[in-house]
Structures are given as structure tokens and as C-alpha cells.
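Here is the file target10.cif (mmCIF, C-alpha atoms).
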```
data_model
loop_
_atom_site.label_atom_id
_atom_site.label_comp_id
_atom_site.auth_asym_id
_atom_site.auth_seq_id
_atom_site.Cartn_x
_atom_site.Cartn_y
_atom_site.Cartn_z
CA MET A 297 176.70 230.43 123.61
CA LYS A 298 176.36 231.08 119.89
CA ARG A 299 175.46 227.44 119.24
CA GLY A 300 172.87 227.61 122.02
CA ARG A 301 171.34 230.71 120.48
CA VAL A 302 171.22 229.15 117.01
CA ALA A 303 169.56 226.04 118.43
CA ALA A 304 167.06 228.15 120.34
CA ILE A 305 166.25 230.20 117.22
CA GLY A 306 165.88 227.01 115.20
CA LEU A 307 163.54 225.49 117.75
CA GLY A 308 161.57 228.73 117.85
CA LEU A 309 161.17 228.77 114.07
CA LEU A 310 160.14 225.11 114.10
CA ALA A 311 157.54 225.86 116.76
CA VAL A 312 156.19 228.73 114.67
CA VAL A 313 155.99 226.53 111.56
CA LEU A 314 154.26 223.74 113.47
CA ALA A 315 151.85 226.18 115.05
CA GLY A 316 151.06 227.70 111.66
CA HIS A 317 150.62 224.29 110.10
CA GLY A 318 148.39 223.22 112.99
CA ALA A 319 146.28 226.36 112.61
CA LEU A 320 145.94 225.70 108.89
CA TRP A 321 144.92 222.08 109.57
CA TRP A 322 142.34 223.22 112.13
CA THR A 323 140.94 225.79 109.69
CA ALA A 324 140.66 223.20 106.93
CA THR A 325 138.95 220.59 109.11
CA THR A 326 136.58 223.28 110.40
CA ALA A 327 135.71 224.15 106.80
CA LEU A 328 135.04 220.47 106.07
CA GLU A 329 132.76 220.19 109.10
CA ARG A 330 130.84 223.30 108.07
CA GLN A 331 130.49 222.01 104.52
CA ALA A 332 129.14 218.68 105.81
CA ALA A 333 126.66 220.56 108.01
CA ARG A 334 125.49 222.71 105.06
CA TRP A 335 125.03 219.61 102.92
CA ALA A 336 122.98 217.92 105.67
CA ALA A 337 120.84 221.05 106.06
CA ALA A 338 120.20 221.16 102.32
CA GLN A 339 119.12 217.50 102.36
CA ARG A 340 116.72 218.14 105.23
CA ALA A 341 115.31 221.15 103.38
CA GLN A 342 114.43 218.79 100.53
CA GLY A 343 112.52 216.53 102.93
CA ASN A 344 115.23 213.91 103.38
CA SER A 345 116.49 212.68 106.75
CA VAL A 346 120.21 212.74 107.61
CA ALA A 347 121.91 211.22 110.65
CA HIS A 348 125.52 210.49 111.61
CA GLY A 349 127.73 210.20 114.66
CA ALA A 350 129.94 212.92 116.10
CA PRO A 351 132.50 214.14 113.50
CA VAL A 352 136.11 213.12 114.15
CA ARG A 353 138.99 215.28 112.92
CA GLY A 354 142.28 213.73 111.84
CA GLY A 355 144.92 213.44 109.15
CA TRP A 356 147.50 215.87 110.57
CA PRO A 357 150.14 216.64 109.33
CA MET A 358 149.65 215.35 105.74
CA ALA A 359 145.90 215.95 105.32
CA ALA A 360 142.81 217.62 106.72
CA ARG A 361 140.39 214.77 107.36
CA LEU A 362 136.87 214.65 108.76
CA THR A 363 135.25 211.28 109.52
CA LEU A 364 131.48 211.00 109.88
CA PRO A 365 130.64 207.65 111.50
CA ALA A 366 127.36 205.74 111.04
CA VAL A 367 125.93 207.86 108.20
CA ALA A 368 122.27 207.31 107.26
CA LEU A 369 120.38 209.18 104.53
CA ALA A 370 116.74 208.45 103.64
CA GLY A 371 113.96 210.02 101.61
CA ARG A 372 111.20 209.53 99.08
CA GLU A 373 111.20 210.32 95.38
CA ALA A 374 108.68 213.05 94.64
CA ALA A 375 105.76 211.63 92.69
CA PRO A 376 101.98 211.92 92.58
CA GLY A 377 100.68 209.76 95.41
CA ALA A 378 103.41 207.67 96.98
CA GLY A 379 106.90 207.69 95.49
CA THR A 380 109.76 205.24 95.89
CA GLN A 381 111.27 205.24 99.38
CA TRP A 382 115.05 204.93 99.54
CA ASP A 383 117.77 204.92 102.13
CA LEU A 384 121.56 204.87 102.07
CA GLN A 385 123.81 203.79 104.92
CA ALA A 386 127.57 203.78 105.41
CA GLU A 387 129.72 202.58 108.28
CA ALA A 388 131.67 205.80 107.83
CA VAL A 389 132.14 208.62 105.34
CA VAL A 390 135.50 210.39 105.21
CA LEU A 391 136.09 213.86 103.72
CA GLU A 392 139.73 214.67 103.01
CA LEU A 393 141.92 217.45 101.66
CA ALA A 394 145.43 216.07 101.13
CA LEU A 395 148.51 218.28 101.38
CA GLN A 396 149.75 217.06 97.99
CA ARG A 397 146.31 217.67 96.36
CA PRO A 398 144.88 220.81 98.04
CA THR A 399 142.56 221.60 95.11
CA GLU A 400 140.73 218.25 95.24
CA LEU A 401 138.14 217.15 97.79
CA THR A 402 138.10 213.39 98.32
CA LEU A 403 135.23 211.35 99.76
CA LEU A 404 135.94 207.80 100.99
CA LEU A 405 133.77 204.91 102.18
CA PRO A 406 136.22 202.86 104.26
CA GLY A 407 133.74 200.30 105.66
CA ARG A 408 130.51 198.60 104.75
CA PHE A 409 127.77 200.45 102.87
CA ALA A 410 124.22 199.67 101.81
CA ALA A 411 121.37 201.04 99.71
CA GLN A 412 117.70 200.09 99.60
CA ALA A 413 114.68 201.21 97.58
CA VAL A 414 111.05 200.27 98.22
CA GLU A 415 108.64 200.88 95.35
CA PRO A 416 105.03 201.99 95.93
CA GLY A 417 103.84 198.45 95.16
CA GLY A 418 106.06 197.04 97.89
CA ALA A 419 108.88 195.63 95.73
CA THR A 420 112.19 196.01 97.54
CA HIS A 421 115.62 196.30 95.96
CA PHE A 422 118.84 196.39 97.97
CA ALA A 423 122.60 196.29 97.65
CA ARG A 424 125.08 196.02 100.51
CA GLY A 425 128.75 195.17 100.64
CA THR A 426 132.30 196.47 100.71
CA ALA A 427 135.10 197.58 98.42
CA SER A 428 138.84 197.59 98.94
CA GLN A 429 138.63 201.18 97.67
CA ALA A 430 135.52 203.33 97.30
CA ARG A 431 136.52 206.88 96.41
CA ALA A 432 135.00 210.01 94.89
CA ALA A 433 137.11 213.02 93.94
CA VAL A 434 135.77 216.52 93.27
CA PRO A 435 138.15 219.13 91.77
CA LEU A 436 137.84 222.50 93.52
CA ARG A 437 138.03 225.78 91.63
CA PRO A 438 137.94 229.03 93.61
CA GLY A 439 134.74 230.98 93.00
CA GLU A 440 133.18 228.28 90.81
CA PRO A 441 130.69 225.52 91.59
CA SER A 442 131.96 221.98 91.28
CA ARG A 443 131.08 220.56 87.86
CA GLU A 444 133.08 217.33 87.87
CA VAL A 445 133.26 214.22 90.00
CA ARG A 446 135.32 211.05 89.55
CA PHE A 447 134.42 207.74 91.18
CA ALA A 448 136.78 204.78 91.65
CA LEU A 449 135.80 201.37 93.01
CA ARG A 450 138.25 198.52 93.52
CA GLY A 451 137.52 195.04 94.80
CA LEU A 452 133.75 195.57 94.88
CA ARG A 453 131.74 192.81 96.57
CA LEU A 454 127.97 193.28 96.75
CA ASP A 455 125.04 191.24 97.98
CA THR A 456 121.99 192.49 96.05
CA SER A 457 118.33 191.60 95.72
CA PHE A 458 119.25 190.10 92.33
CA GLY A 459 122.18 188.08 93.69
CA PRO A 460 125.92 188.64 94.28
CA VAL A 461 127.83 191.15 92.15
CA VAL A 462 131.64 191.29 91.97
CA ALA A 463 133.90 193.73 90.12
CA ASP A 464 137.65 194.16 90.09
CA ALA A 465 137.54 197.82 89.02
CA ILE A 466 134.95 200.44 88.10
CA ASP A 467 135.88 204.02 87.16
CA LEU A 468 133.25 206.65 86.39
CA GLY A 469 133.80 210.30 85.55
CA LEU A 470 130.92 212.79 85.26
CA GLU A 471 131.19 216.39 84.15
CA ARG A 472 128.49 219.01 83.73
CA ALA A 473 129.15 221.62 81.08
CA PRO A 474 128.05 225.26 81.40
CA SER A 475 124.69 225.83 79.69
CA THR A 476 125.38 227.57 76.36
CA GLY A 477 122.27 226.59 74.38
CA PRO A 478 119.70 223.83 73.85
CA GLU A 479 121.89 222.00 71.32
CA ALA A 480 125.21 222.34 73.15
CA PRO A 481 126.74 219.51 75.19
CA SER A 482 125.39 219.71 78.74
CA GLY A 483 127.43 216.90 80.22
CA SER A 484 129.82 214.04 79.58
CA ALA A 485 130.58 210.68 81.13
CA ARG A 486 133.42 208.18 81.01
CA LEU A 487 132.92 204.66 82.31
CA THR A 488 135.42 201.81 82.48
CA LEU A 489 134.90 198.49 84.21
CA SER A 490 136.83 195.24 84.29
CA GLU A 491 136.00 191.74 85.46
CA LEU A 492 132.38 192.38 86.35
CA VAL A 493 130.55 189.22 87.43
CA LEU A 494 126.75 189.40 87.34
CA PRO A 495 124.37 187.37 89.52
CA PRO A 496 123.69 183.82 88.27
CA GLN A 497 119.97 184.61 88.10
CA SER A 498 120.50 187.72 85.96
CA GLY A 499 119.78 185.68 82.83
CA ALA A 500 122.54 187.44 80.89
CA ALA A 501 122.55 185.79 77.47
CA LEU A 502 126.31 186.22 76.96
CA GLY A 503 127.26 184.87 80.35
CA GLU A 504 127.76 186.27 83.82
CA ARG A 505 131.29 187.63 83.28
CA ILE A 506 131.99 190.90 81.46
CA GLU A 507 135.73 191.01 80.92
CA HIS A 508 135.94 194.69 79.98
CA ALA A 509 133.69 197.59 79.03
CA SER A 510 134.42 201.25 78.42
CA ILE A 511 132.21 204.08 77.20
CA GLU A 512 132.80 207.76 76.50
CA ALA A 513 129.58 209.74 76.08
CA ARG A 514 128.31 213.29 75.68
CA LEU A 515 124.80 214.45 76.57
CA LEU A 516 123.43 216.92 74.03
CA GLY A 517 120.58 219.14 75.15
CA VAL A 518 119.62 220.20 78.65
CA LEU A 519 118.13 217.60 81.00
CA PRO A 520 115.84 219.30 83.57
CA GLU A 521 117.03 218.89 87.15
CA GLN A 522 113.62 218.85 88.87
CA GLY A 523 110.69 216.46 88.70
CA PRO A 524 110.19 212.72 88.19
CA LEU A 525 112.79 211.06 85.96
CA ALA A 526 110.28 210.03 83.27
CA ALA A 527 109.00 213.61 82.93
CA ARG A 528 112.55 214.99 82.79
CA LEU A 529 113.53 212.52 80.08
CA ALA A 530 110.41 213.35 78.07
CA ALA A 531 111.21 217.07 78.23
CA TRP A 532 114.80 216.39 77.17
CA ARG A 533 113.59 214.22 74.26
CA ASP A 534 111.05 216.84 73.13
CA ALA A 535 113.84 219.42 73.08
CA ASN A 536 115.78 217.20 70.62
CA GLY A 537 118.13 215.82 73.23
CA TRP A 538 120.39 212.94 72.28
CA VAL A 539 123.50 211.08 73.41
CA GLU A 540 126.73 210.73 71.45
CA LEU A 541 128.86 207.68 72.25
CA SER A 542 132.27 208.60 70.86
CA ARG A 543 133.88 205.36 72.06
CA VAL A 544 132.39 202.00 72.96
CA VAL A 545 134.49 198.91 73.76
CA LEU A 546 133.05 195.65 75.07
CA ARG A 547 134.42 192.17 75.68
CA TRP A 548 131.63 189.95 76.97
CA GLY A 549 131.71 186.20 76.56
CA PRO A 550 132.63 185.36 72.95
CA LEU A 551 131.64 188.82 71.70
CA GLY A 552 133.99 191.73 71.11
CA VAL A 553 132.59 195.16 70.17
CA SER A 554 134.15 198.52 69.34
CA GLY A 555 132.59 201.52 67.68
CA THR A 556 130.55 204.69 67.99
CA ALA A 557 126.83 205.38 68.31
CA THR A 558 124.13 208.01 68.65
CA LEU A 559 121.09 207.39 70.84
CA ALA A 560 117.84 209.19 71.61
CA LEU A 561 114.44 208.33 73.08
CA ASP A 562 111.35 207.39 71.06
CA PRO A 563 107.75 208.46 71.90
CA ALA A 564 107.54 205.58 74.43
CA LEU A 565 110.78 206.75 76.13
CA GLN A 566 112.64 203.71 74.80
CA PRO A 567 116.18 203.99 73.38
CA MET A 568 116.57 204.29 69.63
CA GLY A 569 119.56 205.04 67.46
CA GLN A 570 122.29 203.74 65.24
CA ALA A 571 125.87 202.59 65.58
CA ALA A 572 128.94 201.92 63.47
CA THR A 573 130.60 198.87 64.99
CA ARG A 574 133.35 196.34 64.56
CA LEU A 575 132.40 192.91 65.89
CA SER A 576 134.46 189.83 66.63
CA GLY A 577 133.27 186.43 67.80
CA VAL A 578 130.06 186.77 65.78
CA GLN A 579 129.60 183.08 65.00
CA PRO A 580 129.94 181.74 68.57
CA THR A 581 127.81 184.63 69.83
CA LEU A 582 124.97 183.71 67.45
CA ASP A 583 125.26 180.07 68.51
CA LEU A 584 125.01 181.09 72.17
CA LEU A 585 122.03 183.40 71.61
CA ALA A 586 120.20 180.73 69.59
CA ALA A 587 120.87 178.06 72.23
CA GLN A 588 119.33 180.32 74.90
CA GLY A 589 116.32 181.25 72.78
CA VAL A 590 117.22 184.94 72.56
CA VAL A 591 117.42 184.69 68.76
CA PRO A 592 115.27 182.17 66.82
CA ARG A 593 117.39 179.36 65.42
CA ASN A 594 116.34 179.99 61.82
CA THR A 595 117.22 183.70 62.21
CA ALA A 596 120.56 182.76 63.75
CA ALA A 597 121.29 180.38 60.86
CA SER A 598 120.49 183.04 58.24
CA ALA A 599 122.53 185.65 60.09
CA ARG A 600 125.42 183.23 60.52
CA ALA A 601 125.61 182.58 56.79
CA LEU A 602 125.25 186.22 55.74
CA LEU A 603 127.47 187.75 58.40
CA GLY A 604 130.06 185.04 57.92
CA PHE A 605 130.23 185.99 54.23
CA MET A 606 130.65 189.65 55.18
CA SER A 607 133.39 189.02 57.76
CA ARG A 608 137.05 189.48 56.97
CA THR A 609 140.37 188.55 58.52
CA PRO A 610 142.34 191.60 59.78
CA ALA A 611 145.61 192.37 58.00
CA GLU A 612 147.44 191.93 61.29
CA GLY A 613 145.90 188.49 61.71
CA GLY A 614 143.56 187.16 64.37
CA PRO A 615 139.92 186.03 64.33
CA PRO A 616 137.51 187.33 61.66
CA VAL A 617 135.90 190.73 62.28
CA LEU A 618 132.75 192.28 60.91
CA ASP A 619 132.28 196.00 60.24
CA ILE A 620 128.56 196.64 60.31
CA ALA A 621 125.96 199.29 61.02
CA LEU A 622 123.43 198.51 63.73
CA THR A 623 120.05 200.15 64.28
CA LEU A 624 117.77 200.17 67.30
CA GLN A 625 114.12 201.04 66.75
CA ASP A 626 110.96 199.96 68.57
CA ARG A 627 113.29 198.00 70.90
CA ARG A 628 114.47 195.86 67.96
CA LEU A 629 118.20 195.60 67.37
CA SER A 630 118.99 194.96 63.71
CA ALA A 631 121.97 194.62 61.41
CA GLY A 632 120.71 195.85 58.08
CA ARG A 633 117.48 193.92 57.49
CA ILE A 634 118.44 191.15 59.89
CA GLY A 635 116.71 191.35 63.25
CA LEU A 636 119.12 190.33 65.99
CA ALA A 637 117.16 190.75 69.23
CA ARG A 638 114.23 192.47 70.90
CA LEU A 639 115.29 194.39 73.98
CA PRO A 640 113.23 194.44 77.19
CA GLU A 641 111.17 197.56 77.86
CA ILE A 642 112.68 200.10 80.26
CA ALA A 643 110.21 201.22 82.93
CA TRP A 644 111.46 204.65 84.03
CA PRO A 645 110.44 205.82 87.53
CA ARG A 646 107.47 208.18 87.23
#
```
I'd like the structure from this file rewritten - as C-alpha cells, please.
Amino acid sequence: MKRGRVAAIGLGLLAVVLAGHGALWWTATTALERQAARWAAAQRAQGNSVAHGAPVRGGWPMAARLTLPAVALAGREAAPGAGTQWDLQAEAVVLELALQRPTELTLLLPGRFAAQAVEPGGATHFARGTASQARAAVPLRPGEPSREVRFALRGLRLDTSFGPVVADAIDLGLERAPSTGPEAPSGSARLTLSELVLPPQSGAALGERIEHASIEARLLGVLPEQGPLAARLAAWRDANGWVELSRVVLRWGPLGVSGTATLALDPALQPMGQAATRLSGVQPTLDLLAAQGVVPRNTAASARALLGFMSRTPAEGGPPVLDIALTLQDRRLSAGRIGLARLPEIAWPR
């Protein structure tokens, strides 16, 4: 009898725990569904259209999960006259709160996704494809708005209007800082990518394959949140906004780069600034740029002789490296008095 009572009590406690856990799961998935509905309402209030299939709850017992099938979001950038029309589509969007990470909201794209933009002149740009992992994570802090988001892409395969794009891994972290003054950091970004393959028709002078790139940046000054991008950038520039790159690493073709930089925008909204860099593979890079007509052959020859004289072999061995200051002004990239390249003009959406 005693054993029967103990078993009955145990089963009763287990039922209570399961019922409590089920109620907690239901509450969490309900909160996710309400949050998705509020987000959709906010998009519609801004003039965008939002559509998706019936939400599906899941994930019990290890997570609260809400799946939105067949998601479609479309709108138009605000601009005088007709702005750029855009639309985003996803086979499914999944919102998840995992039991082991209850203070982090995760967004997943488990199927195919696509984006398209149509400019006022009729030019159309698109990207559609898949990834073995497409994930965004937003840390949650009680009573505070979310200021950080982390994106992770693995096995990215895209078909774009410029040609196919492939990447093994892309990680991007964005964080908005509380506004404490016009000269205080207002945001930061961290980007790392590996094995990015650009479209053959991209015309990349250093080749289609970028082996590795990583950047850590801080945005100084407040970038307005409303209005066309060009107007927002102009206001940020006029308020002495600038970008600090505290770490830059690049391995692209024969070129290796590491260093730091500061960047701002000139009166024509083109990047300008200066950098302290360490370069490797300078000689083969100059040969490649001269062969493709990016740098005039006589300029490449002069630079090759001068930069070769300035290069040194590291104490630990390896190929020669060059420590040099670079400047960017009027879209001209220079090393001292040596002009290296003229960059294409950036046409910001207005």
C-alpha cells in the first residue's frame, strides 16, 4: 500500500510539473504570436504590406516556437515622387525562445528566401537562395528596448541580379548605444566573413574569391532614423559624424591587409579618410591591378619600385610586409604621394 501511495504521489507531482511546464510553454508561444502581430501592425502603419500563413506553435518541451509560413513583406522607400519598391519573401520565419537561452529571442529562416528592389527608373535587383543556417539572435533585457542583434549565415547560396554569390560563413553583430551626446558612439558593428565568392561578372580586380574579411567599427555621432538615406547621411556628416575602424583584416587574392582607419563623408557624400595599414603581397597585387587596367602600368612600375624598397621581412619570417599610411580623398586612394586607384562613385538612395 505504501509503495502504491508513493507511486501515486510521484505521478501526481509529475502531472503537476508537466501541466505547469505546458502552461508556461503556452504562455510563451502566445507572447510570441502577439509580438509577431504587433510587428505586423507596426509595418502596416508605416504603409508596408505584410502577409503570412496561419501561425503554428511548436517546440515543446525544450523551446517555445512559433512558425509563420509563407511570409511576404513589401513596401516603398519614402521619397519625393516615386521611391524604390521592395519586397521580401521567406518560405517560413521561425521565432524561438529556447529553454537553455530564455533571455534570447531567435529568428530563423529554415527554407528559401528572396528579396527584390525596383528603382523608379525600372532597374530591378534581386537575390534569392538558401542557407544551411540563417539565424538572428536578439538579447532580451526586462524593461529595456532591444539594442543588439547578431546575424549568422552558414552555407549561403544566392542567385542575384549580378550573378551567383556563395559564402561559407558570414557573422554580423550590430549594437545601438544609448544617446549620450552628438560626439559619443551611437552604434557599433562587427563583421566576419570567410570564403566569399563573388559573381564572375562583378569585375572584382583582385579576383572573385575573398578568403577572409573582418571589421570592427564604431559609429560616432547620431544618424537620424527618418527620411531618405542620402539626407540622413548628409545630416550625420554635417554634425561631424565619422566612423572608427578599430580592426580591419582582409585576405583577398594576393593581397593581405591589417590595420585601423577613420572614415567620414565629403561634401559629395563620398567616403574620405585615412588608415594605418600593414600590407603583404604588394608586388603581385600591383601586377594584377596593372594587368586589369585598374592602375596605369607606369604608376604600377613606380609604386612597385618604391614600395618594394620600403618593404621589410618580418622577424618571424614570411613574405615581405609594408607598413604604410593610406589616404582616401576625392575618391582617390593614395599611399603617400602615390595614387593607387580611383574608386567608383557611390550613388546613395535619395
Could you expand the PyMOL selection byres ((chain A and resi 591) around 12) into the explicit residues it covers here, written as a ChimeraX atom specification?
/A:501,581-590,592-600,628-630,634-639
Atomic separation - atom CA of Ala427 of chain A relative to atom CA of Arg453 of chain A, Å:
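Going from atom CA of Arg453 of chain A over to atom CA of Ala427 of chain A covers 6.1 Å.
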Taking the file as shown, find all residues satisfying the PyMOL selection byres ((chain A and resi 537-548) around 6) and write them as a ChimeraX atom specification.
/A:506-517,532-533,535-536,549,551-560
Quick one: distance from atom CA of Ala463 of chain A to atom CA of Leu492 of chain A in Å, one decimal?
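Answer for the atom CA of Ala463 of chain A to atom CA of Leu492 of chain A separation: 4.3 Å.
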Kindly resolve the PyMOL selection byres ((chain A and resi 316-333) around 10) on the present coordinates and return the residues as a ChimeraX atom specification.
/A:310-315,334-339,351-364,391-393,395,401
Counting all atoms listed in the file, I want the residues whose atoms come within 7 Å of (133.7, 208.8, 99.6) in the file frame, returned as an MDAnalysis selection string.
chainID A and resid 389:391 402:405 430:432
Selection file, C-alpha atoms, as an mmCIF file, in the coordinates of the input:
```cif
data_model
loop_
_atom_site.group_PDB
_atom_site.id
_atom_site.type_symbol
_atom_site.label_atom_id
_atom_site.label_comp_id
_atom_site.auth_asym_id
_atom_site.auth_seq_id
_atom_site.Cartn_x
_atom_site.Cartn_y
_atom_site.Cartn_z
ATOM 1 C CA VAL A 389 132.140 208.620 105.340
ATOM 2 C CA VAL A 390 135.500 210.390 105.210
ATOM 3 C CA LEU A 391 136.090 213.860 103.720
ATOM 4 C CA THR A 402 138.100 213.390 98.320
ATOM 5 C CA LEU A 403 135.230 211.350 99.760
ATOM 6 C CA LEU A 404 135.940 207.800 100.990
ATOM 7 C CA LEU A 405 133.770 204.910 102.180
ATOM 8 C CA ALA A 430 135.520 203.330 97.300
ATOM 9 C CA ARG A 431 136.520 206.880 96.410
ATOM 10 C CA ALA A 432 135.000 210.010 94.890
#
```
Hey, can you check how far atom CA of Thr399 of chain A sits from atom CA of Asp464 of chain A?
28.3 Å
Determine the nearest neighbour of Leu489 of chain A from the options A:Arg472, A:Arg627, A:Arg450, A:Arg408, counting all atoms listed in the file.
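Using all atoms listed in the file, the shortest distance to Leu489 of chain A belongs to A:Arg450.
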I want to know what sits within 10 Å of Glu641 of chain A, based on all atoms listed in the file, with residues of the same chain fewer than 4 positions away left out; could you give that as a count of residues only?
6
Env of segment 422-425 of chain A: 8 Å cut, atoms = all atoms listed in the file, seq-sep filter 6 positions within chain, self excluded. Answer as a PyMOL selection string.
chain A and resi 408-413+452-457
Among the residues A:Arg574, A:Phe447, A:Phe458, A:Thr420, the one that comes closest to Ala485 of chain A [using all atoms listed in the file]
A:Phe447
Selection: 8 Å around Leu369 of chain A, only C-alpha atoms, excl. self and same-chain fewer than 2 positions, as a PDB file with C-alpha atoms, in the coordinates of the input:
```pdb
ATOM      1  CA  ASN A 344     115.230 213.910 103.380  1.00  0.00           C
ATOM      2  CA  SER A 345     116.490 212.680 106.750  1.00  0.00           C
ATOM      3  CA  VAL A 346     120.210 212.740 107.610  1.00  0.00           C
ATOM      4  CA  ALA A 347     121.910 211.220 110.650  1.00  0.00           C
ATOM      5  CA  VAL A 367     125.930 207.860 108.200  1.00  0.00           C
ATOM      6  CA  GLY A 371     113.960 210.020 101.610  1.00  0.00           C
ATOM      7  CA  ASP A 383     117.770 204.920 102.130  1.00  0.00           C
ATOM      8  CA  LEU A 384     121.560 204.870 102.070  1.00  0.00           C
ATOM      9  CA  GLN A 385     123.810 203.790 104.920  1.00  0.00           C
TER      10      GLN A 385
END
```
Please list as a tab-separated table (two decimals) with C-alpha atoms, keeping the file's coordinate frame every residue within 9 Å of Ser607 of chain A, counting all atoms listed in the file and excluding residues in the same chain fewer than 6 positions away.
```tsv
chain	number	residue	atom	x	y	z
A	576	SER	CA	134.46	189.83	66.63
A	578	VAL	CA	130.06	186.77	65.78
A	616	PRO	CA	137.51	187.33	61.66
A	617	VAL	CA	135.90	190.73	62.28
A	618	LEU	CA	132.75	192.28	60.91
A	619	ASP	CA	132.28	196.00	60.24
```
Exercise: Leu494 of chain A partners within 9 Å, all atoms listed in the file, chain neighbours under 2 positions left out, as a PyMOL selection string
chain A and resi 459-463+492+496-498+500+503-506
